[in-house]
>>> print(open('model-v5.pdb').read())   # PDB, C-alpha atoms
ATOM      1  CA  MET A1117      99.033 129.725-314.000
ATOM      2  CA  GLN A1118      96.276 128.636-311.605
ATOM      3  CA  PHE A1119      98.145 130.103-308.642
ATOM      4  CA  LEU A1120      98.869 133.337-310.536
ATOM      5  CA  ILE A1121      95.182 133.817-311.306
ATOM      6  CA  TYR A1122      94.347 133.069-307.694
ATOM      7  CA  ILE A1123      96.778 135.598-306.180
ATOM      8  CA  ILE A1124      95.519 138.273-308.604
ATOM      9  CA  VAL A1125      91.811 137.693-307.954
ATOM     10  CA  TYR A1126      91.858 136.776-304.256
ATOM     11  CA  PRO A1127      92.639 140.298-302.912
ATOM     12  CA  PHE A1128      89.644 141.729-304.794
ATOM     13  CA  LEU A1129      87.355 139.033-303.387
ATOM     14  CA  TRP A1130      88.648 139.661-299.881
ATOM     15  CA  ILE A1131      88.151 143.436-300.156
ATOM     16  CA  ILE A1132      84.581 142.871-301.363
ATOM     17  CA  SER A1133      83.980 140.496-298.459
ATOM     18  CA  VAL A1134      84.874 143.076-295.791
ATOM     19  CA  LEU A1135      82.839 145.931-297.243
ATOM     20  CA  PRO A1136      79.707 147.068-295.384
ATOM     21  CA  PHE A1137      76.530 145.848-297.056
ATOM     22  CA  ARG A1138      75.444 149.315-298.139
ATOM     23  CA  LEU A1139      78.648 149.759-300.135
ATOM     24  CA  LEU A1140      78.505 146.161-301.351
ATOM     25  CA  TYR A1141      75.143 146.778-302.990
ATOM     26  CA  LEU A1142      76.290 150.064-304.512
ATOM     27  CA  ILE A1143      79.034 148.070-306.227
ATOM     28  CA  SER A1144      76.407 145.530-307.262
ATOM     29  CA  ASP A1145      74.447 148.305-308.963
ATOM     30  CA  GLY A1146      77.556 149.234-310.946
ATOM     31  CA  LEU A1147      78.256 145.585-311.760
ATOM     32  CA  TYR A1148      74.718 145.277-313.120
ATOM     33  CA  ILE A1149      75.340 148.115-315.580
ATOM     34  CA  LEU A1150      78.573 146.446-316.684
ATOM     35  CA  LEU A1151      77.155 142.927-317.079
ATOM     36  CA  TYR A1152      73.780 143.826-318.527
ATOM     37  CA  ASN A1153      74.244 146.996-320.540
ATOM     38  CA  ILE A1154      77.894 146.805-321.612
ATOM     39  CA  ILE A1155      79.020 143.160-321.701
ATOM     40  CA  GLY A1156      75.580 141.612-322.152
ATOM     41  CA  TYR A1157      76.688 138.532-320.202
ATOM     42  CA  ARG A1158      74.675 135.538-321.462
ATOM     43  CA  LYS A1159      71.797 137.838-322.322
ATOM     44  CA  LYS A1160      70.747 135.672-325.266
ATOM     45  CA  VAL A1161      70.703 132.525-323.102
ATOM     46  CA  VAL A1162      68.577 134.286-320.479
ATOM     47  CA  THR A1163      66.191 135.706-323.078
ATOM     48  CA  ASP A1164      65.801 132.381-324.884
ATOM     49  CA  ASN A1165      65.122 130.574-321.590
ATOM     50  CA  LEU A1166      62.502 133.108-320.520
ATOM     51  CA  LYS A1167      60.727 133.058-323.882
ATOM     52  CA  LEU A1168      60.719 129.273-323.900
ATOM     53  CA  VAL A1169      59.117 128.819-320.472
ATOM     54  CA  PHE A1170      56.895 131.925-320.625
ATOM     55  CA  PRO A1171      55.578 131.928-324.213
ATOM     56  CA  GLU A1172      52.507 133.868-323.105
ATOM     57  CA  LYS A1173      54.504 136.864-321.863
ATOM     58  CA  SER A1174      55.098 139.955-323.969
ATOM     59  CA  GLU A1175      58.524 141.319-324.918
ATOM     60  CA  LYS A1176      58.033 144.033-322.308
ATOM     61  CA  GLU A1177      57.316 141.471-319.587
ATOM     62  CA  ILE A1178      60.298 139.322-320.605
ATOM     63  CA  LYS A1179      62.571 142.371-320.494
ATOM     64  CA  SER A1180      61.277 143.345-317.046
ATOM     65  CA  ILE A1181      62.014 139.862-315.638
ATOM     66  CA  ARG A1182      65.430 139.866-317.325
ATOM     67  CA  ILE A1183      66.427 143.204-315.803
ATOM     68  CA  ARG A1184      65.326 142.151-312.316
ATOM     69  CA  PHE A1185      67.152 138.842-312.719
ATOM     70  CA  TYR A1186      70.462 140.508-313.612
ATOM     71  CA  LYS A1187      70.195 142.807-310.599
ATOM     72  CA  HIS A1188      69.631 139.767-308.381
ATOM     73  CA  LEU A1189      72.480 137.895-310.092
ATOM     74  CA  CYS A1190      74.939 140.697-309.304
ATOM     75  CA  ASP A1191      73.779 140.779-305.686
ATOM     76  CA  MET A1192      74.267 137.030-305.438
ATOM     77  CA  PHE A1193      77.789 137.126-306.912
ATOM     78  CA  LEU A1194      78.896 139.682-304.335
ATOM     79  CA  GLU A1195      77.073 137.914-301.495
ATOM     80  CA  MET A1196      79.058 134.784-302.355
ATOM     81  CA  ALA A1197      82.262 136.788-301.923
ATOM     82  CA  LYS A1198      80.901 138.237-298.676
ATOM     83  CA  THR A1199      80.699 134.678-297.317
ATOM     84  CA  MET A1200      84.503 134.715-296.980
ATOM     85  CA  THR A1201      84.372 136.926-293.890
ATOM     86  CA  ILE A1202      80.719 137.004-292.825
ATOM     87  CA  SER A1203      80.115 136.158-289.173
ATOM     88  CA  GLN A1204      77.686 133.519-287.940
ATOM     89  CA  LYS A1205      75.633 136.253-286.261
ATOM     90  CA  THR A1206      75.296 138.253-289.478
ATOM     91  CA  LEU A1207      74.557 135.154-291.524
ATOM     92  CA  ASP A1208      71.818 134.113-289.102
ATOM     93  CA  ALA A1209      70.301 137.592-289.297
ATOM     94  CA  ARG A1210      70.240 137.560-293.089
ATOM     95  CA  PHE A1211      69.176 133.973-293.684
ATOM     96  CA  LYS A1212      66.353 132.886-291.386
ATOM     97  CA  ILE A1213      65.139 129.307-291.123
ATOM     98  CA  LYS A1214      61.338 129.475-291.076
ATOM     99  CA  ASN A1215      60.703 126.063-289.545
ATOM    100  CA  PRO A1216      63.810 124.683-287.805
ATOM    101  CA  GLU A1217      61.521 122.375-285.845
ATOM    102  CA  GLU A1218      60.952 120.340-289.024
ATOM    103  CA  MET A1219      64.646 119.542-289.306
ATOM    104  CA  LYS A1220      64.717 118.601-285.619
ATOM    105  CA  ARG A1221      61.763 116.296-286.268
ATOM    106  CA  LEU A1222      63.565 114.648-289.174
ATOM    107  CA  GLU A1223      66.674 114.205-287.044
ATOM    108  CA  SER A1224      64.557 112.524-284.380
ATOM    109  CA  LEU A1225      63.809 109.740-286.901
ATOM    110  CA  ASN A1226      67.487 108.785-286.577
ATOM    111  CA  LYS A1227      67.963 108.809-290.333
ATOM    112  CA  SER A1228      70.220 110.954-292.462
ATOM    113  CA  VAL A1229      68.440 113.593-294.526
ATOM    114  CA  ILE A1230      68.965 114.493-298.170
ATOM    115  CA  LEU A1231      68.182 118.159-298.733
ATOM    116  CA  MET A1232      67.396 119.054-302.338
ATOM    117  CA  TYR A1233      67.988 122.569-303.617
ATOM    118  CA  GLY A1234      67.090 124.477-306.749
ATOM    119  CA  HIS A1235      69.135 127.254-308.334
ATOM    120  CA  TYR A1236      66.792 129.776-306.789
ATOM    121  CA  ALA A1237      67.331 132.869-304.621
ATOM    122  CA  SER A1238      70.441 132.108-302.509
ATOM    123  CA  TRP A1239      71.749 128.618-301.944
ATOM    124  CA  GLU A1240      75.092 130.009-300.726
ATOM    125  CA  TRP A1241      73.821 131.522-297.473
ATOM    126  CA  SER A1242      71.753 128.448-296.638
ATOM    127  CA  LEU A1243      74.849 127.560-294.606
ATOM    128  CA  ALA A1244      72.864 129.188-291.802
ATOM    129  CA  LEU A1245      70.833 125.989-291.563
ATOM    130  CA  GLN A1246      73.774 124.151-290.017
ATOM    131  CA  ASN A1247      73.378 126.268-286.891
ATOM    132  CA  HIS A1248      69.983 124.625-286.320
ATOM    133  CA  VAL A1249      70.905 120.946-286.706
ATOM    134  CA  LYS A1250      72.842 118.317-284.790
ATOM    135  CA  PHE A1251      73.784 116.130-287.746
ATOM    136  CA  ASP A1252      76.991 116.769-289.688
ATOM    137  CA  GLY A1253      76.482 118.800-292.853
ATOM    138  CA  PHE A1254      77.691 117.745-296.294
ATOM    139  CA  ALA A1255      77.112 119.378-299.663
ATOM    140  CA  VAL A1256      77.700 117.707-303.014
ATOM    141  CA  TYR A1257      79.347 120.053-305.510
ATOM    142  CA  LYS A1258      81.227 120.063-308.804
ATOM    143  CA  GLN A1259      84.927 120.494-308.118
ATOM    144  CA  LEU A1260      86.410 123.728-309.485
ATOM    145  CA  ALA A1261      89.078 123.489-312.175
ATOM    146  CA  ASN A1262      91.332 125.900-310.269
ATOM    147  CA  ARG A1263      92.494 123.944-307.204
ATOM    148  CA  TYR A1264      93.274 127.108-305.225
ATOM    149  CA  PHE A1265      89.767 128.528-305.652
ATOM    150  CA  ASP A1266      88.386 125.066-304.992
ATOM    151  CA  LYS A1267      90.174 125.008-301.625
ATOM    152  CA  LEU A1268      88.930 128.527-300.885
ATOM    153  CA  VAL A1269      85.327 127.481-301.452
ATOM    154  CA  ARG A1270      85.743 124.366-299.305
ATOM    155  CA  ASP A1271      87.331 126.411-296.514
ATOM    156  CA  MET A1272      84.494 128.957-296.642
ATOM    157  CA  ARG A1273      81.897 126.230-296.203
ATOM    158  CA  SER A1274      83.814 124.395-293.471
ATOM    159  CA  LYS A1275      83.812 127.598-291.407
ATOM    160  CA  PHE A1276      80.086 126.981-290.915
ATOM    161  CA  ASN A1277      80.470 123.240-290.244
ATOM    162  CA  THR A1278      79.593 122.080-293.740
ATOM    163  CA  THR A1279      81.903 119.740-295.644
ATOM    164  CA  LEU A1280      81.940 119.906-299.431
ATOM    165  CA  ILE A1281      82.271 116.587-301.244
ATOM    166  CA  ASN A1282      82.746 116.537-304.990
ATOM    167  CA  THR A1283      80.457 114.531-307.227
ATOM    168  CA  LYS A1284      83.044 111.813-307.906
ATOM    169  CA  GLU A1285      83.580 110.968-304.232
ATOM    170  CA  SER A1286      80.109 111.716-302.910
ATOM    171  CA  ILE A1287      78.556 108.246-303.154
ATOM    172  CA  SER A1288      81.445 106.467-301.440
ATOM    173  CA  ILE A1289      81.621 109.052-298.627
ATOM    174  CA  ILE A1290      77.880 108.979-297.979
ATOM    175  CA  LYS A1291      77.823 105.171-297.983
ATOM    176  CA  SER A1292      80.783 105.104-295.616
ATOM    177  CA  ASN A1293      79.059 107.541-293.254
ATOM    178  CA  GLU A1294      75.946 105.380-293.195
ATOM    179  CA  ALA A1295      77.979 102.206-292.619
ATOM    180  CA  ASN A1296      79.612 103.922-289.624
ATOM    181  CA  ASN A1297      76.267 105.197-288.333
ATOM    182  CA  LEU A1298      77.270 108.834-288.914
ATOM    183  CA  LYS A1299      74.002 110.678-289.458
ATOM    184  CA  SER A1300      74.188 113.701-291.735
ATOM    185  CA  ILE A1301      72.385 116.361-293.731
ATOM    186  CA  ILE A1302      73.387 116.014-297.394
ATOM    187  CA  ALA A1303      72.673 118.889-299.784
ATOM    188  CA  PHE A1304      72.135 118.333-303.506
ATOM    189  CA  LEU A1305      71.589 121.028-306.144
ATOM    190  CA  SER A1306      69.254 118.930-308.242
ATOM    191  CA  ASP A1307      67.741 121.027-311.030
ATOM    192  CA  GLN A1308      70.673 120.974-313.461
ATOM    193  CA  SER A1309      70.641 119.306-316.866
ATOM    194  CA  PRO A1310      72.451 115.930-316.828
ATOM    195  CA  ARG A1311      74.318 114.321-319.679
ATOM    196  CA  LEU A1312      72.064 112.450-322.061
ATOM    197  CA  SER A1313      72.059 108.678-321.856
ATOM    198  CA  LYS A1314      69.631 105.846-322.440
ATOM    199  CA  GLU A1315      69.012 105.589-318.690
ATOM    200  CA  VAL A1316      68.278 109.263-318.033
ATOM    201  CA  TYR A1317      64.817 110.152-316.754
ATOM    202  CA  TRP A1318      62.816 112.662-318.787
ATOM    203  CA  GLY A1319      60.408 114.670-316.667
ATOM    204  CA  GLU A1320      58.461 117.879-317.043
ATOM    205  CA  PHE A1321      59.914 121.144-315.791
ATOM    206  CA  MET A1322      58.159 124.436-316.481
ATOM    207  CA  GLY A1323      55.890 122.657-318.931
ATOM    208  CA  ILE A1324      58.793 121.289-320.987
ATOM    209  CA  GLU A1325      60.042 117.708-321.138
ATOM    210  CA  VAL A1326      63.693 117.648-320.050
ATOM    211  CA  PRO A1327      66.265 115.120-318.777
ATOM    212  CA  CYS A1328      66.471 115.254-314.974
ATOM    213  CA  PHE A1329      68.988 114.448-312.282
ATOM    214  CA  THR A1330      67.688 111.606-310.149
ATOM    215  CA  GLY A1331      70.774 110.972-308.011
ATOM    216  CA  ALA A1332      69.272 112.375-304.799
ATOM    217  CA  GLU A1333      66.152 110.232-305.120
ATOM    218  CA  ARG A1334      68.065 107.065-306.041
ATOM    219  CA  LEU A1335      70.458 107.521-303.108
ATOM    220  CA  ALA A1336      67.576 108.154-300.691
ATOM    221  CA  LYS A1337      65.914 104.926-301.801
ATOM    222  CA  LYS A1338      69.078 102.870-301.709
ATOM    223  CA  LEU A1339      70.042 103.960-298.193
ATOM    224  CA  ASP A1340      66.529 104.650-296.869
ATOM    225  CA  LEU A1341      67.131 108.333-296.151
ATOM    226  CA  SER A1342      64.533 111.046-295.600
ATOM    227  CA  ILE A1343      64.423 113.563-298.420
ATOM    228  CA  SER A1344      63.346 117.214-298.258
ATOM    229  CA  TYR A1345      63.395 120.406-300.292
ATOM    230  CA  LEU A1346      64.846 123.644-298.956
ATOM    231  CA  LYS A1347      62.550 126.341-300.268
ATOM    232  CA  VAL A1348      64.576 129.570-300.275
ATOM    233  CA  THR A1349      62.711 132.859-300.604
ATOM    234  CA  LYS A1350      64.261 136.283-301.115
ATOM    235  CA  LEU A1351      62.492 138.584-298.663
ATOM    236  CA  ARG A1352      64.279 141.750-299.730
ATOM    237  CA  ARG A1353      67.745 142.749-300.825
ATOM    238  CA  GLY A1354      70.273 140.840-298.763
ATOM    239  CA  TYR A1355      67.706 138.914-296.716
ATOM    240  CA  TYR A1356      66.449 135.377-297.283
ATOM    241  CA  GLU A1357      64.306 132.733-295.659
ATOM    242  CA  GLY A1358      64.592 128.969-295.904
ATOM    243  CA  GLU A1359      61.682 126.603-295.347
ATOM    244  CA  ILE A1360      62.140 122.839-295.071
ATOM    245  CA  LEU A1361      59.502 120.964-297.059
ATOM    246  CA  THR A1362      59.670 117.230-296.464
ATOM    247  CA  LEU A1363      59.070 115.276-299.675
ATOM    248  CA  ALA A1364      59.396 111.717-298.356
ATOM    249  CA  GLU A1365      60.295 110.117-295.026
ATOM    250  CA  LYS A1366      60.068 106.612-296.515
ATOM    251  CA  PRO A1367      61.259 107.094-300.098
ATOM    252  CA  ASN A1368      60.827 103.456-301.102
ATOM    253  CA  GLU A1369      57.070 103.862-300.742
ATOM    254  CA  TYR A1370      57.114 106.166-303.783
ATOM    255  CA  GLU A1371      57.193 105.001-307.370
ATOM    256  CA  ASP A1372      60.386 105.752-309.269
ATOM    257  CA  TYR A1373      60.924 109.429-310.145
ATOM    258  CA  LYS A1374      57.901 110.594-308.162
ATOM    259  CA  ILE A1375      60.130 112.348-305.598
ATOM    260  CA  THR A1376      62.133 114.008-308.371
ATOM    261  CA  ASP A1377      58.863 115.252-309.873
ATOM    262  CA  LEU A1378      57.714 116.566-306.494
ATOM    263  CA  PHE A1379      60.980 118.477-306.116
ATOM    264  CA  LEU A1380      60.772 120.023-309.593
ATOM    265  CA  HIS A1381      57.162 121.007-308.947
ATOM    266  CA  GLU A1382      58.202 122.923-305.827
ATOM    267  CA  VAL A1383      60.902 124.769-307.784
ATOM    268  CA  GLU A1384      58.350 125.536-310.509
ATOM    269  CA  LYS A1385      55.963 127.126-308.025
ATOM    270  CA  GLN A1386      58.672 129.496-306.874
ATOM    271  CA  ILE A1387      59.641 130.406-310.424
ATOM    272  CA  TYR A1388      56.047 131.192-311.382
ATOM    273  CA  ASP A1389      55.700 133.303-308.251
ATOM    274  CA  ALA A1390      58.923 135.335-308.704
ATOM    275  CA  PRO A1391      60.840 134.310-311.864
ATOM    276  CA  GLU A1392      63.594 136.888-311.426
ATOM    277  CA  PHE A1393      65.238 134.846-308.669
ATOM    278  CA  TYR A1394      65.880 131.731-310.747
ATOM    279  CA  PHE A1395      69.325 131.144-312.267
ATOM    280  CA  TRP A1396      68.450 131.818-315.915
ATOM    281  CA  THR A1397      72.026 131.969-317.202
ATOM    282  CA  HIS A1398      72.478 128.194-317.139
ATOM    283  CA  LYS A1399      71.180 126.167-320.083
ATOM    284  CA  ARG A1400      68.592 124.098-318.243
ATOM    285  CA  TRP A1401      66.514 123.500-321.354
ATOM    286  CA  LYS A1402      69.383 122.890-323.799
ATOM    287  CA  HIS A1403      67.963 119.477-324.726
ATOM    288  CA  PHE A1404      64.538 120.872-325.584
ATOM    289  CA  GLY A1405      63.245 119.356-328.805
ATOM    290  CA  LYS A1406      65.892 116.624-328.931
ATOM    291  CA  ASN A1407      64.926 113.021-329.371
ATOM    292  CA  LYS A1408      65.421 110.710-326.414
ATOM    293  CA  LEU A1409      68.278 108.244-326.782
TER     294      LEU A1409
END
>>> encode(input="model-v5.pdb", output="C-alpha cells")
Amino acid sequence: MQFLIYIIVYPFLWIISVLPFRLLYLISDGLYILLYNIIGYRKKVVTDNLKLVFPEKSEKEIKSIRIRFYKHLCDMFLEMAKTMTISQKTLDARFKIKNPEEMKRLESLNKSVILMYGHYASWEWSLALQNHVKFDGFAVYKQLANRYFDKLVRDMRSKFNTTLINTKESISIIKSNEANNLKSIIAFLSDQSPRLSKEVYWGEFMGIEVPCFTGAERLAKKLDLSISYLKVTKLRRGYYEGEILTLAEKPNEYEDYKITDLFLHEVEKQIYDAPEFYFWTHKRWKHFGKNKL
C-alpha cells in the first residue's frame, strides 16, 4: 500500500517541481482557496492558537493573520515539492545567507555547530546554507511512516550535501562523528511540543508556560558544541534570507535551559514581527493549562 500511494502521488510532486515559479504560485493561489475556503484545513487549530497567544487582537485582526498564514502555508507546501528539481543556482538566488562570515567564524573554532530552527518562514530552503560551509551538514528529523517518501526526502536533502538522521539514531551518529573528529553542522527544529514527563522543562513561549524540547542544548553541553539560531525571514514571495545568530560558543557556561530560553525568545520576536509566517497548524500549545507531572 505504501508503494501504491507513492507511485500515485510522486508524478504530481514531480510535475509541480518542474513548473516555472510564476505558474507554481498561481497553483498555490488555487490551493489556498481549496484549503482555506472549502476544506478548512485545521482552521480551528490555527484560530485557537492565534487567539491564545494574541488575546489582545480583535476578530478582524485574527482573521487577517489567518488568511495571510494560509497563503504562506500553500506557498511553502509547493516550494517543498519544488526542492525535488531546484538547482543550486536557483536555490542560492532565492535563499540568501545574510552573514556567512559568522558560520566561517564558528567553523574556525574547530568545533561542531548545532543550528537551531523554528517552524518559521522556510526551513526547507535553508539547504542553501550548506554551500557556504566546510563542515558536513546533518539535519535531525522525524522519520516518515511511508518509507518511499522518507527515502525521497532524504535523497532531496543529500543533493545539497545534507544528510538527514532520524531522531532515534541522531545521538549515536553525532557522538560517533565527534569521536572520529568529524566536524559538522547539525540542524534541529526545536520549537515543537515534546511528550510530557517528569523531567521535561517548562519554559515560556509567547507568554504561555509550555513544555520545551531541550535536546539541542543538552547535546551542545555534553559534547561542548557551539550553538546558534538560524533566523529565517521571508523577504517576499519565493525569497528568503537566513541570518546566523550565535547563542553560545561555550554552552557549559550557561545555566541549564538558558540557551533554550534564548532560542525561544528569538522565535518569539519573529512571530510578533510577522505572525503569518509561523507554522500555526501544529498544536504547540496543546498542554496549555495542564498540570505539570
>>> residues_around(input="model-v5.pdb", residues="A:Val1256", least_positions_apart="5", cutoff="6 Å", atoms="only C-alpha atoms", output="NGL selection string")
:A and (1280-1283 or 1304)
>>> write_last_selection(input="model-v5.pdb", atoms="C-alpha atoms", output="PDB file, keeping the file's coordinate frame")
ATOM      1  CA  LEU A1280      81.940 119.906-299.431  1.00  0.00           C
ATOM      2  CA  ILE A1281      82.271 116.587-301.244  1.00  0.00           C
ATOM      3  CA  ASN A1282      82.746 116.537-304.990  1.00  0.00           C
ATOM      4  CA  THR A1283      80.457 114.531-307.227  1.00  0.00           C
ATOM      5  CA  PHE A1304      72.135 118.333-303.506  1.00  0.00           C
TER       6      PHE A1304
END
>>> residues_around(input="model-v5.pdb", residues="A:Gly1146", least_positions_apart="5", cutoff="10 Å", atoms="all atoms listed in the file", output="JSON, numbers by chain")
{"A": [1141, 1151, 1187, 1190]}
>>> residues_around(input="model-v5.pdb", residues="stretch 1310-1320 of chain A", least_positions_apart="3", cutoff="9 Å", atoms="only C-alpha atoms", output="list of chain:residue names")
A:Gly1323, A:Ile1324, A:Glu1325, A:Val1326, A:Pro1327, A:Cys1328, A:Phe1329, A:Thr1330, A:Tyr1373, A:Thr1376, A:Asp1377, A:Leu1380, A:His1381, A:His1403, A:Lys1408, A:Leu1409
>>> resolve_selection(input="model-v5.pdb", expression="the PyMOL selection byres ((chain A and resi 1301) around 7)", output="CSV table (one decimal) with C-alpha atoms, in the coordinates of the input")
chain,number,residue,atom,x,y,z
A,1228,SER,CA,70.2,111.0,-292.5
A,1229,VAL,CA,68.4,113.6,-294.5
A,1230,ILE,CA,69.0,114.5,-298.2
A,1231,LEU,CA,68.2,118.2,-298.7
A,1251,PHE,CA,73.8,116.1,-287.7
A,1252,ASP,CA,77.0,116.8,-289.7
A,1253,GLY,CA,76.5,118.8,-292.9
A,1254,PHE,CA,77.7,117.7,-296.3
A,1300,SER,CA,74.2,113.7,-291.7
A,1302,ILE,CA,73.4,116.0,-297.4
A,1303,ALA,CA,72.7,118.9,-299.8
>>> closest_residue(input="model-v5.pdb", among="A:Lys1291, A:Lys1374, A:Arg1353, A:Arg1158", to="A:Arg1138", atoms="all atoms listed in the file")
A:Arg1353
>>> resolve_selection(input="model-v5.pdb", expression="the PyMOL selection byres ((chain A and resi 1354) around 8)", output="VMD selection string")
chain A and resid 1191 1195 1210 1350 1352 to 1353 1355 to 1356
>>> resolve_selection(input="model-v5.pdb", expression="the PyMOL selection byres ((chain A and resi 1198) around 10)", output="JSON, numbers by chain")
{"A": [1129, 1130, 1131, 1132, 1133, 1134, 1135, 1136, 1137, 1140, 1192, 1193, 1194, 1195, 1196, 1197, 1199, 1200, 1201, 1202, 1203, 1241]}
>>> residues_around(input="model-v5.pdb", residues="A:Val1169", least_positions_apart="6", cutoff="12 Å", atoms="all atoms listed in the file", output="list in words")
Val1162, Thr1163, Ile1178, Glu1320, Phe1321, Met1322, Gly1323, Ile1324, Glu1325, Glu1384, Ile1387, Tyr1388, Pro1391, Trp1396, Arg1400, Trp1401 and Phe1404 of chain A
>>> closest_residue(input="model-v5.pdb", among="A:Asn1247, A:Leu1168, A:Lys1159, A:Gln1386", to="A:Ile1213", atoms="all atoms listed in the file")
A:Asn1247
>>> atom_distance(input="model-v5.pdb", atom1="atom CA of A:Arg1184", atom2="atom CA of A:Phe1211")
20.7 Å
>>> atom_distance(input="model-v5.pdb", atom1="atom CA of A:Leu1339", atom2="atom CA of A:Lys1267")
29.3 Å
>>> closest_residue(input="model-v5.pdb", among="A:Leu1361, A:Val1125, A:Ile1289, A:Leu1243", to="A:Ser1274", atoms="all atoms listed in the file")
A:Leu1243
>>> residues_around(input="model-v5.pdb", residues="A:Asp1266", least_positions_apart="3", cutoff="12 Å", atoms="only C-alpha atoms", output="PyMOL selection string")
chain A and resi 1118-1119+1122+1257-1263+1269-1273+1280-1282
>>> closest_residue(input="model-v5.pdb", among="A:Leu1150, A:Ala1244, A:Ile1183, A:Leu1189", to="A:Asp1208", atoms="all atoms listed in the file")
A:Ala1244
>>> atom_distance(input="model-v5.pdb", atom1="atom CA of A:Lys1366", atom2="atom CA of A:Leu1335")
12.3 Å
>>> closest_residue(input="model-v5.pdb", among="A:Phe1393, A:Glu1369, A:Lys1402, A:Ile1149", to="A:Arg1182", atoms="all atoms listed in the file")
A:Phe1393
>>> residues_near_point(input="model-v5.pdb", point="(60.3, 111.7, -295.3)", cutoff="6 Å", atoms="all atoms listed in the file", output="list in words")
Ser1342, Ile1343, Thr1362, Leu1363, Ala1364, Glu1365 and Lys1366 of chain A
>>> closest_residue(input="model-v5.pdb", among="A:Phe1170, A:Tyr1345, A:Phe1276, A:Tyr1157", to="A:Tyr1186", atoms="only C-alpha atoms")
A:Tyr1157
